[in-house]
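Below you'll find the structure, written out as structure tokens, and then a few comments.
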Amino acid sequence: FTENTHIPVPASSGTIPVYEAVGNGTMNVNIDTSFWGYPNAVAALLVPANGGSVVTLDYSQYDIDFGTYDIEGNKVTASTSGLVVPANIPIGIVAQDVYSDFRGKYLNYYSPYNKPIGILRKAYINIPFVATDKFDEAYSATFTDDTIYGNLWKVYAFIYDDSTDLTPGAFVKSDTHGKFIVESDNVSANRTIQTVGRIYTVDSRFPKGLLEYVDTYPGSMVTGTDTGGLPDMLFVFAHQAIYYATGSTPSIQDVVNAVKAGIFGIANIQVDI
């Protein structure tokens, strides 16, 4: 949930770009009443939770390549200022991928934004964790640097903090980019408006169930021999984090060893918003 500032709402009297026009321009329509505007079923627009801090979400090369429009209706370039998202409070977690809002940009394209997006307010979820103190020591790098965290937050769900804080019962909240961090490791602490749940378990005891012997195709990163028996979501995340930290592709055993060392693992989080 966020204030309307900086982000056009469905009932806005403004316009939005929907078509590529002749001469590389755009065709703009009313944001509320046009066929290509927001249907009446859309009550509000969602943005990533930011832990109650104003944050600027910078555009990437992907936005430039795709032809994303900024809130002023202009195509994003390398010099475009990022989107300023006001301080907000969490309302839940999305249960699936949220796709770009293509609108009428491509002829006959069915816009995924019309599809319902499920929001969970009470659930148990399993996501990768990173013990940042162990990560920084192992790879002589800082996990929160743009070259590592900056390449991971847009793609993966995860929780990160010092190993001493990633403990069962600890309250968790969102960081500035919608990723989980520890809010308080005091299990008797009071909830706040930013609290999204508690850590239930943290687990680095892998592989399990003889999955390391299940034959999977090399390069597929499917759980089995190609992940060293690690769950694929954990393996892929840890693999990419190590790559961004070291600049070289880690071996399967490198990733498995990092998990066994407690640098990475799976956190089970009880979401309660």
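Here, A, B, ... name the chains of the structure tokens in the order displayed, residue numbers run from 1 inside each chain, and ligands are numbered from 1 in the same displayed order.
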
Can you list every residue in segment 39-217 of chain A that DSSP puts in helix (DSSP H, G or I), as a PyMOL selection string? chain A and resi 61-66+112-114+132-139+149-152+211-213

How would the residues just picked look written out with C-alpha atoms as a PDB file, in the first residue's frame?
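Once written, selection11.pdb looks like this:
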```
ATOM      1  CA  GLN A  61      19.073  -2.112 -19.693  1.00  0.00           C
ATOM      2  CA  TYR A  62      16.145  -4.526 -19.902  1.00  0.00           C
ATOM      3  CA  ASP A  63      13.755  -1.558 -19.719  1.00  0.00           C
ATOM      4  CA  ILE A  64      15.681   0.227 -22.451  1.00  0.00           C
ATOM      5  CA  ASP A  65      15.715  -2.853 -24.687  1.00  0.00           C
ATOM      6  CA  PHE A  66      12.035  -3.562 -24.131  1.00  0.00           C
ATOM      7  CA  PRO A 112      -1.275 -10.386 -18.624  1.00  0.00           C
ATOM      8  CA  TYR A 113      -2.189  -7.428 -16.407  1.00  0.00           C
ATOM      9  CA  ASN A 114      -5.846  -8.379 -16.869  1.00  0.00           C
ATOM     10  CA  THR A 132      25.695 -12.035   4.759  1.00  0.00           C
ATOM     11  CA  ASP A 133      28.535 -12.154   7.294  1.00  0.00           C
ATOM     12  CA  LYS A 134      29.612 -15.590   6.064  1.00  0.00           C
ATOM     13  CA  PHE A 135      29.090 -14.604   2.424  1.00  0.00           C
ATOM     14  CA  ASP A 136      31.233 -11.476   2.709  1.00  0.00           C
ATOM     15  CA  GLU A 137      34.036 -13.396   4.423  1.00  0.00           C
ATOM     16  CA  ALA A 138      33.979 -16.340   2.013  1.00  0.00           C
ATOM     17  CA  TYR A 139      34.069 -14.283  -1.182  1.00  0.00           C
ATOM     18  CA  TYR A 149      22.374  -7.576  -4.562  1.00  0.00           C
ATOM     19  CA  GLY A 150      21.604  -5.190  -7.415  1.00  0.00           C
ATOM     20  CA  ASN A 151      21.590  -8.087  -9.878  1.00  0.00           C
ATOM     21  CA  LEU A 152      19.641 -10.450  -7.625  1.00  0.00           C
ATOM     22  CA  LEU A 211      18.365 -36.338  -4.610  1.00  0.00           C
ATOM     23  CA  GLU A 212      22.048 -36.013  -5.480  1.00  0.00           C
ATOM     24  CA  TYR A 213      21.713 -39.380  -7.257  1.00  0.00           C
TER      25      TYR A 213
END
```

What are the DSSP strand (DSSP E or B) residues of segment 177-210 of chain A, as a ChimeraX atom specification? /A:180-184,197-203

Excluding Pro218 of chain A and its own-chain neighbours fewer than 6 positions away, which residues fall within 12 Å of it when counting only C-alpha atoms? Please give them as a PyMOL selection string. chain A and resi 224-228+251-252

Who sits within 8 Å of segment 262-271 of chain A, only C-alpha atoms, same chain under 3 positions skipped, as a short mmCIF file (atom, residue, chain, number, x, y, z; two decimals) with N, CA, C and O atoms, in the first residue's frame:
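And here is the file that came out, out.cif:
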```
data_model
loop_
_atom_site.label_atom_id
_atom_site.label_comp_id
_atom_site.auth_asym_id
_atom_site.auth_seq_id
_atom_site.Cartn_x
_atom_site.Cartn_y
_atom_site.Cartn_z
N ARG A 121 -1.70 -13.34 2.58
CA ARG A 121 -1.48 -12.60 3.81
C ARG A 121 -1.12 -13.52 4.97
O ARG A 121 -0.54 -13.08 5.96
N LYS A 122 -1.48 -14.78 4.85
CA LYS A 122 -1.12 -15.78 5.86
C LYS A 122 -0.70 -17.05 5.12
O LYS A 122 -1.49 -17.62 4.38
N ALA A 123 0.54 -17.46 5.30
CA ALA A 123 1.05 -18.62 4.57
C ALA A 123 2.41 -19.02 5.14
O ALA A 123 3.02 -18.27 5.92
N TYR A 124 2.85 -20.21 4.76
CA TYR A 124 4.23 -20.64 5.00
C TYR A 124 4.93 -20.69 3.65
O TYR A 124 4.42 -21.30 2.71
N ILE A 125 6.07 -20.04 3.55
CA ILE A 125 6.80 -20.02 2.28
C ILE A 125 8.24 -20.46 2.52
O ILE A 125 8.80 -20.26 3.61
N ASN A 126 8.83 -21.08 1.51
CA ASN A 126 10.24 -21.47 1.55
C ASN A 126 10.99 -20.65 0.51
O ASN A 126 10.64 -20.67 -0.68
N ILE A 127 12.01 -19.93 0.95
CA ILE A 127 12.83 -19.13 0.04
C ILE A 127 14.30 -19.26 0.44
O ILE A 127 14.60 -19.60 1.59
N PRO A 128 15.22 -19.00 -0.47
CA PRO A 128 16.64 -19.05 -0.12
C PRO A 128 17.01 -17.97 0.91
O PRO A 128 16.41 -16.89 0.92
N PHE A 129 17.99 -18.29 1.75
CA PHE A 129 18.54 -17.27 2.63
C PHE A 129 20.03 -17.11 2.35
O PHE A 129 20.69 -18.01 1.82
N VAL A 130 20.55 -15.93 2.70
CA VAL A 130 21.98 -15.65 2.62
C VAL A 130 22.43 -15.13 3.98
O VAL A 130 21.89 -14.14 4.47
N ALA A 131 23.40 -15.79 4.57
CA ALA A 131 24.04 -15.29 5.79
C ALA A 131 25.12 -14.32 5.34
O ALA A 131 26.20 -14.73 4.91
N THR A 132 24.83 -13.03 5.40
CA THR A 132 25.69 -12.03 4.76
C THR A 132 27.09 -11.97 5.37
O THR A 132 28.06 -11.70 4.66
N LYS A 134 28.85 -14.46 6.61
CA LYS A 134 29.61 -15.59 6.06
C LYS A 134 29.89 -15.40 4.57
O LYS A 134 30.97 -15.76 4.08
N PHE A 135 28.92 -14.85 3.86
CA PHE A 135 29.09 -14.60 2.42
C PHE A 135 30.24 -13.63 2.18
O PHE A 135 31.13 -13.88 1.36
N ILE A 159 15.80 -13.99 1.58
CA ILE A 159 15.99 -13.25 2.82
C ILE A 159 17.48 -13.20 3.11
O ILE A 159 18.20 -14.16 2.83
N VAL A 196 6.05 -8.58 8.60
CA VAL A 196 5.35 -9.45 7.64
C VAL A 196 5.31 -10.91 8.11
O VAL A 196 4.67 -11.74 7.47
N GLY A 197 5.98 -11.23 9.21
CA GLY A 197 5.93 -12.60 9.71
C GLY A 197 7.14 -12.95 10.54
O GLY A 197 7.86 -12.07 11.02
N ARG A 198 7.37 -14.26 10.71
CA ARG A 198 8.49 -14.76 11.50
C ARG A 198 9.24 -15.85 10.72
O ARG A 198 8.66 -16.54 9.88
N ILE A 199 10.51 -15.98 11.04
CA ILE A 199 11.27 -17.13 10.55
C ILE A 199 10.83 -18.35 11.34
O ILE A 199 10.80 -18.33 12.58
N TYR A 200 10.49 -19.41 10.64
CA TYR A 200 10.07 -20.65 11.29
C TYR A 200 11.27 -21.59 11.45
O TYR A 200 11.55 -22.09 12.53
N THR A 201 11.99 -21.82 10.35
CA THR A 201 13.22 -22.61 10.40
C THR A 201 14.21 -22.06 9.38
O THR A 201 13.82 -21.40 8.40
N VAL A 202 15.49 -22.32 9.61
CA VAL A 202 16.54 -22.07 8.62
C VAL A 202 17.29 -23.39 8.46
O VAL A 202 17.63 -24.05 9.44
N ASP A 203 17.55 -23.76 7.22
CA ASP A 203 18.05 -25.11 6.96
C ASP A 203 19.15 -25.09 5.91
O ASP A 203 18.94 -24.64 4.78
N SER A 204 20.33 -25.57 6.30
CA SER A 204 21.44 -25.74 5.36
C SER A 204 21.86 -27.21 5.27
O SER A 204 22.93 -27.52 4.74
N ARG A 205 21.03 -28.09 5.80
CA ARG A 205 21.36 -29.52 5.81
C ARG A 205 20.90 -30.17 4.50
O ARG A 205 19.82 -30.76 4.42
N LEU A 234 17.18 -23.05 -4.69
CA LEU A 234 18.33 -22.71 -3.86
C LEU A 234 19.61 -22.73 -4.68
O LEU A 234 20.45 -21.83 -4.59
N ALA A 238 21.99 -19.42 -5.29
CA ALA A 238 23.34 -19.43 -4.75
C ALA A 238 24.38 -19.37 -5.86
O ALA A 238 25.40 -18.68 -5.76
N ALA A 258 29.06 -24.33 -0.31
CA ALA A 258 28.63 -23.06 0.27
C ALA A 258 27.36 -23.24 1.10
O ALA A 258 27.20 -22.62 2.16
N VAL A 259 26.47 -24.10 0.63
CA VAL A 259 25.25 -24.38 1.39
C VAL A 259 25.60 -25.12 2.68
O VAL A 259 25.13 -24.77 3.77
#
```

Pick the closest to Val42 of chain A from A:Ile117, A:Ile148, A:Pro231, A:Asn186: which is it, counting only C-alpha atoms? A:Ile117

Can you tell me, as a list in words, what residues are no more than 10 Å from Asn190 of chain A when counting only C-alpha atoms, ignoring any on the same chain fewer than 5 positions away? Phe171, Ser184 and Thr195 of chain A

With only C-alpha atoms counted and 8 Å as the cut-off, give the residues of segment 37-71 of chain A in contact with segment 75-97 of chain A, each with its shortest interatomic distance in Å and the pair that gives it, as CSV.
```
residue,atom,partner,partner_atom,distance
A:Val47,CA,A:Val85,CA,7.8
A:Ala49,CA,A:Pro90,CA,5.5
A:Asn50,CA,A:Asn88,CA,6.3
A:Gly51,CA,A:Ile89,CA,6.7
A:Gly52,CA,A:Ala87,CA,4.4
A:Ser53,CA,A:Ala87,CA,4.5
A:Val54,CA,A:Ala87,CA,4.5
A:Val55,CA,A:Val85,CA,5.4
A:Thr56,CA,A:Val84,CA,4.4
A:Leu57,CA,A:Leu83,CA,5.1
A:Asp58,CA,A:Gly82,CA,4.1
A:Tyr59,CA,A:Gly82,CA,5.8
A:Ser60,CA,A:Ala78,CA,8.0
A:Gln61,CA,A:Ala78,CA,7.6
A:Asp63,CA,A:Val76,CA,6.6
A:Ile64,CA,A:Val76,CA,5.5
A:Gly67,CA,A:Lys75,CA,6.0
A:Thr68,CA,A:Val76,CA,5.7
A:Tyr69,CA,A:Lys75,CA,4.4
A:Asp70,CA,A:Val76,CA,6.0
A:Ile71,CA,A:Leu83,CA,7.8
```

What separation in Å, quoted to one decimal, exists between atom CA of Pro17 of chain A and atom CA of Val29 of chain A?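 Computing the Euclidean distance for atom CA of Pro17 of chain A and atom CA of Val29 of chain A yields 6.5 Å.
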